[in-house]
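Report on the following structure.
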Amino acid sequence: MSFFNTLPFLSFLVLSGILIERILFLKKKGIQLYSKAGRKNTVRFFLPAFGLVFLLWLLEIIKPALCFSFSVLPEFLSDILIQNNLVRIIGTIFLVCALVLWTVTLIHFKNSLRFGLNSGNQGHLITSGIFSFSRNPFFLSLDIYFLGITLVFPNLFFIVFTIVAIISIHFFILKEERFLTRYYGEEYRNYRKKTSRYLTLFRK
């Protein structure tokens, strides 16, 4: 069984395991992580559509790991476009970096990890640690992770999925920034001046 074939699925298990462990840890402390506010019809429509695409994505990384020969996708979407081990090694480095950044971010969130934009359920604004280098290390780690998967399995499906995912994440970040500016006010505006959206090396 090829290392490159199993790595994406194993990395997904690690990614999920780290997040689940953190969620359970915070729940034991009585912290409400999810927001029930603001769930509109557009969100109810979007979630099933996103779930279906994500399920296809997950099947495509499970298939090589378990040596499944079938594919739900047509061949032109699932055929590997670049047969190059150097590209896959670079993808592996991306995956490792994403997992490290993901882990460090969840640790540095401390008790302020939240899912959803709810002004009635926000933690403290975290600006130290990894957050002094990036305002969005959580989303940055996802961007790097999806890029890594695409480099390990460079087919049309993963390329399109990654492009759409990165664009969607960026627009969510913009929405979140407006929310955080309203909620934290001057504290967040000062933080924005000192720390870049993605990396301080690429300050706006």
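How things are named: the first chain in the structure tokens is A, the next is B, and so on; residues count from 1 in each chain; ligands count from 1 in the order shown.
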Residues of stretch 42-71 of chain A at most 10 Å from stretch 153-160 of chain A: nearest atom pair and distance in Å, only C-alpha atoms, as a tab-separated table:
residue	atom	partner	partner_atom	distance
A:Leu56	CA	A:Phe157	CA	9.4
A:Trp57	CA	A:Phe158	CA	7.5
A:Glu60	CA	A:Phe158	CA	8.8
A:Ile61	CA	A:Phe153	CA	8.4
A:Pro64	CA	A:Phe153	CA	9.7
Take the residues that were just selected and, keeping all heavy atoms, output them as a PDB file, in the first residue's frame.
ATOM      1  N   LEU A  56     -18.286  13.368  -1.116  1.00  0.00           N
ATOM      2  CA  LEU A  56     -17.548  12.955  -2.311  1.00  0.00           C
ATOM      3  C   LEU A  56     -16.048  13.147  -2.100  1.00  0.00           C
ATOM      4  O   LEU A  56     -15.238  12.295  -2.478  1.00  0.00           O
ATOM      5  CB  LEU A  56     -18.015  13.748  -3.533  1.00  0.00           C
ATOM      6  CG  LEU A  56     -19.410  13.414  -4.069  1.00  0.00           C
ATOM      7  CD1 LEU A  56     -19.792  14.398  -5.167  1.00  0.00           C
ATOM      8  CD2 LEU A  56     -19.457  11.987  -4.597  1.00  0.00           C
ATOM      9  N   TRP A  57     -15.684  14.283  -1.508  1.00  0.00           N
ATOM     10  CA  TRP A  57     -14.276  14.571  -1.220  1.00  0.00           C
ATOM     11  C   TRP A  57     -13.696  13.504  -0.294  1.00  0.00           C
ATOM     12  O   TRP A  57     -12.585  12.993  -0.520  1.00  0.00           O
ATOM     13  CB  TRP A  57     -14.170  15.956  -0.590  1.00  0.00           C
ATOM     14  CG  TRP A  57     -12.780  16.384  -0.215  1.00  0.00           C
ATOM     15  CD1 TRP A  57     -11.879  17.036  -1.004  1.00  0.00           C
ATOM     16  CD2 TRP A  57     -12.139  16.207   1.046  1.00  0.00           C
ATOM     17  NE1 TRP A  57     -10.713  17.269  -0.311  1.00  0.00           N
ATOM     18  CE2 TRP A  57     -10.845  16.774   0.953  1.00  0.00           C
ATOM     19  CE3 TRP A  57     -12.538  15.626   2.259  1.00  0.00           C
ATOM     20  CZ2 TRP A  57      -9.944  16.775   2.007  1.00  0.00           C
ATOM     21  CZ3 TRP A  57     -11.636  15.615   3.319  1.00  0.00           C
ATOM     22  CH2 TRP A  57     -10.356  16.188   3.191  1.00  0.00           C
ATOM     23  N   GLU A  60     -13.140  10.209  -1.985  1.00  0.00           N
ATOM     24  CA  GLU A  60     -11.988  10.234  -2.887  1.00  0.00           C
ATOM     25  C   GLU A  60     -10.655  10.086  -2.146  1.00  0.00           C
ATOM     26  O   GLU A  60      -9.675   9.631  -2.738  1.00  0.00           O
ATOM     27  CB  GLU A  60     -11.986  11.518  -3.716  1.00  0.00           C
ATOM     28  CG  GLU A  60     -13.019  11.527  -4.820  1.00  0.00           C
ATOM     29  CD  GLU A  60     -12.848  10.376  -5.800  1.00  0.00           C
ATOM     30  OE1 GLU A  60     -11.753  10.262  -6.386  1.00  0.00           O
ATOM     31  OE2 GLU A  60     -13.792   9.587  -5.971  1.00  0.00           O
ATOM     32  N   ILE A  61     -10.596  10.473  -0.864  1.00  0.00           N
ATOM     33  CA  ILE A  61      -9.344  10.261  -0.127  1.00  0.00           C
ATOM     34  C   ILE A  61      -9.341   8.902   0.587  1.00  0.00           C
ATOM     35  O   ILE A  61      -8.274   8.371   0.901  1.00  0.00           O
ATOM     36  CB  ILE A  61      -9.052  11.400   0.879  1.00  0.00           C
ATOM     37  CG1 ILE A  61     -10.095  11.450   2.001  1.00  0.00           C
ATOM     38  CG2 ILE A  61      -8.926  12.736   0.175  1.00  0.00           C
ATOM     39  CD1 ILE A  61      -9.704  12.409   3.114  1.00  0.00           C
ATOM     40  N   PRO A  64      -8.222   5.505  -2.273  1.00  0.00           N
ATOM     41  CA  PRO A  64      -6.854   4.990  -2.454  1.00  0.00           C
ATOM     42  C   PRO A  64      -6.311   4.299  -1.204  1.00  0.00           C
ATOM     43  O   PRO A  64      -5.565   3.326  -1.305  1.00  0.00           O
ATOM     44  CB  PRO A  64      -6.039   6.249  -2.777  1.00  0.00           C
ATOM     45  CG  PRO A  64      -7.028   7.277  -3.165  1.00  0.00           C
ATOM     46  CD  PRO A  64      -8.266   6.966  -2.403  1.00  0.00           C
TER      47      PRO A  64
END
Point to revise | From A:Thr103, A:Asn190, A:Gln83, A:Thr150, residue lying nearest A:Gly17 [only C-alpha atoms] | key: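 Distance minimum relative to A:Gly17 lands on A:Thr103.
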Point to revise | Spatial neighbours of A:Leu33, max dist 7 Å, only C-alpha atoms, sep filter under 4 positions, as JSON, numbers by chain | key: {"A": [113, 114, 115]}
Please produce an output containing N, CA and C atoms for each residue in the selection, written as a CSV table (one decimal), in the first residue's frame.
chain,number,residue,atom,x,y,z
A,113,LEU,N,-12.6,29.2,21.7
A,113,LEU,CA,-13.0,28.5,20.4
A,113,LEU,C,-14.6,28.5,20.3
A,114,ARG,N,-15.1,29.0,19.2
A,114,ARG,CA,-16.5,29.1,19.0
A,114,ARG,C,-16.8,28.7,17.5
A,115,PHE,N,-18.0,28.2,17.2
A,115,PHE,CA,-18.4,27.9,15.9
A,115,PHE,C,-19.7,28.7,15.6
Check your understanding: Residues at most 6 Å from A:Phe146, counting only C-alpha atoms, excluding those fewer than 3 positions away in the same chain, as an MDAnalysis selection string?
Key -> chainID A and resid 143 149 162
Deliver the residues from the most recent selection as a file, using N, CA and C atoms, as a CSV table (one decimal), in the first residue's frame.
chain,number,residue,atom,x,y,z
A,143,ASP,N,-6.8,26.0,4.5
A,143,ASP,CA,-6.3,26.3,3.2
A,143,ASP,C,-5.1,25.4,2.8
A,149,ILE,N,-3.7,18.2,0.0
A,149,ILE,CA,-4.4,17.0,-0.5
A,149,ILE,C,-4.4,17.1,-2.0
A,162,THR,N,-10.6,22.5,-4.0
A,162,THR,CA,-9.7,23.4,-3.2
A,162,THR,C,-9.9,24.9,-3.6
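Residues lying within 12 Å of A:Val72, counting only C-alpha atoms and ignoring same-chain neighbours fewer than 3 positions away, are Leu52, Val53, Leu55, Leu56, Trp57, Leu58, Leu59, Glu60, Lys63, Phe68, Ser69, Glu75, Phe76, Leu77, Ser78 and Phe157 of chain A.
The smallest atom-to-atom distance between A:Thr92 and any of A:Lys28, A:Glu177, A:Asn5, A:Arg182, using only C-alpha atoms, is found for A:Asn5.
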Check your understanding: Which of stretch 146-202 of chain A counts as alpha helix (DSSP H) under DSSP, as a PyMOL selection string please?
Key -> chain A and resi 146-152+156-184+186-194
